[in-house]
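Just below is one structure, and these are the notes that go with it.
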Amino acid sequence: DKATRVKLFQLPEYRQKRVRVFGWVHRLRSQKEIIFIVLRDGTGYLQAVLSGRMSQTYHALTLNLESSVELVGTLQEVPEGKNAPGGHELIVDYWKLHGSAPGGDDAFTNRVNEKSDPSIQADLRHLVLRGETASSILKLRAHLLSAFRETYVKHNLTEVTTPCLVQTQVEGGATLFKLDYYGQSAFLTQSSQLYLETCLASLGDVYCFQESFRAENSHTRRHLAEYTHLEGELAFITFDDLMSHIEAVICDTIDILLARPAAAALIKQLHPAFKAPARPFLRLSYVDAIKWLNEHKIQRPEEDADGNTIKDADGNDKMVDHAVGDDIAEAAERKMTDIIGTPVFLHGFPAHLKAFYMKKVPGSGAGRDAFTESCDLLMPNVGEIVGGSMRIADSEELLAAYAHEGIDPKDYYWFTDQRKYGTCEHGGYGLGVERLLAWLADRFTVRECVLYPRWPGRATP
Ligand code: 4AD
Ligand code: MG
């Protein structure tokens, strides 16, 4: 038999030819003497027709969704309007069942479908992944990662692979996953930043994709316990250079995606209204953002000295205006991005709200009362997708920052050495890949933007 073995994405080149395809029964419609199958192989979809004798075998009569099959036949063009993906269908003249799938109560769509309870969808994530939406999101994710890599080649950053098992914190001790490491204590990494900083004098500007782990008890739309962290670090730059670089990396990556037909089609499918954001991105200082929130009557829940929210007479959170020094919490941030409707850089946060390593805005005050050369990039519908800053370049100042954070400098000797041996002005950023994807693909939650999401209490499948 001269049928050529092909993947479904290749089919447009095989019209009127005999082909052999392998895949899973994605949709199934049986009539008296004819069976319509939509086959799925992970690269595309194909309508196939089994008629006559072929629709009457035992396997044909007991065929169920998600069975795996091999089909051989001639690929026919079909007129527009007929509901056949790709505008063609396979007239099958030989087929073989590779693996059956159950019907009845155990049938695929009876175990999980769009209406299933979220906890069932989470337990059956391995089956949910077979759906069109989930698989499209993951395909787009793959395009996104490769487009970022292309962008970094253009901007001359070298990719490094950083360790996951570490003995230092970056973003505060409270969110570390601790583990026993041959009798010593170690953590799962929160951020590769410190390692990237040590690469500058060796490799020049660098970036990495690494899983980051946060033991946050956050059950929000945008928090995961494990997420893919894209981080970059650049030497001999100013704070302004840093924000321009972040903007360029994001915009160049989106341009690459929109220029790739397969990626552009996925964006169109998942987020029909998507438009590449205009440059330059709006930049709003933290102090101006506080004013903006108050002008727009966006308040925050008042807290007592222990950090508990105070209730009003009706049992609702007592709301108050924002003041300089307050954190801009997720709810306020979300309202802000909803109103502004474009990407916005918030910059210059107070030191006491941010991590220990951040460079202070020159002349803005001392210690933790100062403002920092820090920025968060907020996107509509998601909020913060990037956090970045310039770094303390002076070793004395860094030692003081350790002391303030309660960090034992002993564990950070290698990070301190970076300042001792030829320090330089430098800065970098971390981007949450799932958050960017949630924005790009218009997803309600980052849980949809990762293969197997982890959140408090969930590490299966
Ligand atoms: O703002 P973060 O905590 O910054 C850092 O970790 C820096 N050390 C990065 C750097 O400068 N190299 O995290 C950076 C980004 C956030 O803006 C957010 O997009 C994402 O990581 N992120 C999370 N994504 C999903 N779930 C979580 N729990 C996340 N925490 C942070
Ligand atoms: Mg942050």
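By order of appearance in the structure tokens: chains A, B, ..., then residues from 1 within every chain, and ligands from 1 in the order shown.
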Nearby residues (only C-alpha atoms) at most 12 Å from Phe239 of chain A, same-chain spacing under 5 positions excluded, as a PyMOL selection string: chain A and resi 234+244-246+347-348+358-362+372-375+388-391+425-429
Output as a Markdown table one row per residue of chain A within 8 Å of ligand 1: the closest atom pair and its distance in Å to one decimal place, counting only C-alpha atoms and all ligand atoms, sorted by chain and residue number ascending.
| residue | atom | partner | partner_atom_place_in_ligand_line | distance |
| --- | --- | --- | --- | --- |
| A:Val170 | CA | ligand 1 | 8 (N) | 6.0 |
| A:Glu171 | CA | ligand 1 | 3 (O) | 5.8 |
| A:Gln190 | CA | ligand 1 | 6 (O) | 6.3 |
| A:Ser191 | CA | ligand 1 | 6 (O) | 4.8 |
| A:Ser192 | CA | ligand 1 | 12 (N) | 6.4 |
| A:Gln193 | CA | ligand 1 | 12 (N) | 4.2 |
| A:Leu194 | CA | ligand 1 | 12 (N) | 7.8 |
| A:Leu196 | CA | ligand 1 | 12 (N) | 7.9 |
| A:Ser212 | CA | ligand 1 | 29 (C) | 7.9 |
| A:Phe213 | CA | ligand 1 | 28 (N) | 7.3 |
| A:Arg214 | CA | ligand 1 | 28 (N) | 5.5 |
| A:Ala215 | CA | ligand 1 | 28 (N) | 7.9 |
| A:Glu216 | CA | ligand 1 | 28 (N) | 6.6 |
| A:Ser218 | CA | ligand 1 | 28 (N) | 7.5 |
| A:Arg222 | CA | ligand 1 | 25 (C) | 5.7 |
| A:His223 | CA | ligand 1 | 26 (N) | 3.6 |
| A:Leu224 | CA | ligand 1 | 26 (N) | 3.8 |
| A:Ala225 | CA | ligand 1 | 28 (N) | 5.5 |
| A:Glu226 | CA | ligand 1 | 26 (N) | 6.7 |
| A:Tyr227 | CA | ligand 1 | 25 (C) | 5.3 |
| A:Thr228 | CA | ligand 1 | 24 (N) | 7.5 |
| A:His229 | CA | ligand 1 | 21 (O) | 5.9 |
| A:Leu230 | CA | ligand 1 | 21 (O) | 7.9 |
| A:Glu231 | CA | ligand 1 | 12 (N) | 4.9 |
| A:Gly232 | CA | ligand 1 | 12 (N) | 6.2 |
| A:Glu233 | CA | ligand 1 | 12 (N) | 7.0 |
| A:Ala355 | CA | ligand 1 | 8 (N) | 7.9 |
| A:Asp376 | CA | ligand 1 | 17 (O) | 6.6 |
| A:Leu377 | CA | ligand 1 | 17 (O) | 7.3 |
| A:Glu384 | CA | ligand 1 | 17 (O) | 5.1 |
| A:Ile385 | CA | ligand 1 | 19 (O) | 3.5 |
| A:Val386 | CA | ligand 1 | 17 (O) | 3.5 |
| A:Gly387 | CA | ligand 1 | 1 (O) | 4.0 |
| A:Gly388 | CA | ligand 1 | 11 (O) | 4.3 |
| A:Ser389 | CA | ligand 1 | 11 (O) | 6.0 |
| A:Gly427 | CA | ligand 1 | 11 (O) | 7.5 |
| A:Gly428 | CA | ligand 1 | 11 (O) | 5.0 |
| A:Tyr429 | CA | ligand 1 | 11 (O) | 3.4 |
| A:Gly430 | CA | ligand 1 | 9 (C) | 3.6 |
| A:Leu431 | CA | ligand 1 | 15 (C) | 4.5 |
| A:Gly432 | CA | ligand 1 | 19 (O) | 3.4 |
| A:Val433 | CA | ligand 1 | 19 (O) | 7.0 |
| A:Glu434 | CA | ligand 1 | 25 (C) | 6.6 |
| A:Arg435 | CA | ligand 1 | 19 (O) | 5.7 |
| A:Leu436 | CA | ligand 1 | 19 (O) | 7.4 |
| A:Val446 | CA | ligand 1 | 25 (C) | 7.2 |
Between A:Ala370, A:Cys449, A:Ala403, A:Leu346, single out the one closest to ligand 2, counting only C-alpha atoms and all ligand atoms.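 Comparing A:Ala370, A:Cys449, A:Ala403, A:Leu346 against ligand 2, the winner is A:Leu346.
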If DSSP is run on the backbone, what residues of segment 136-248 of chain A are strand (DSSP E)? A reply as a VMD selection string would be ideal. chain A and resid 158 to 159 165 to 166 178 to 181 184 to 188 206 to 213 226 to 235
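Considering the residues A:Lys32, A:Arg454, A:Lys96, A:Lys354 and counting only C-alpha atoms and all ligand atoms, ligand 2 has its shortest atom-to-atom contact with A:Lys354.
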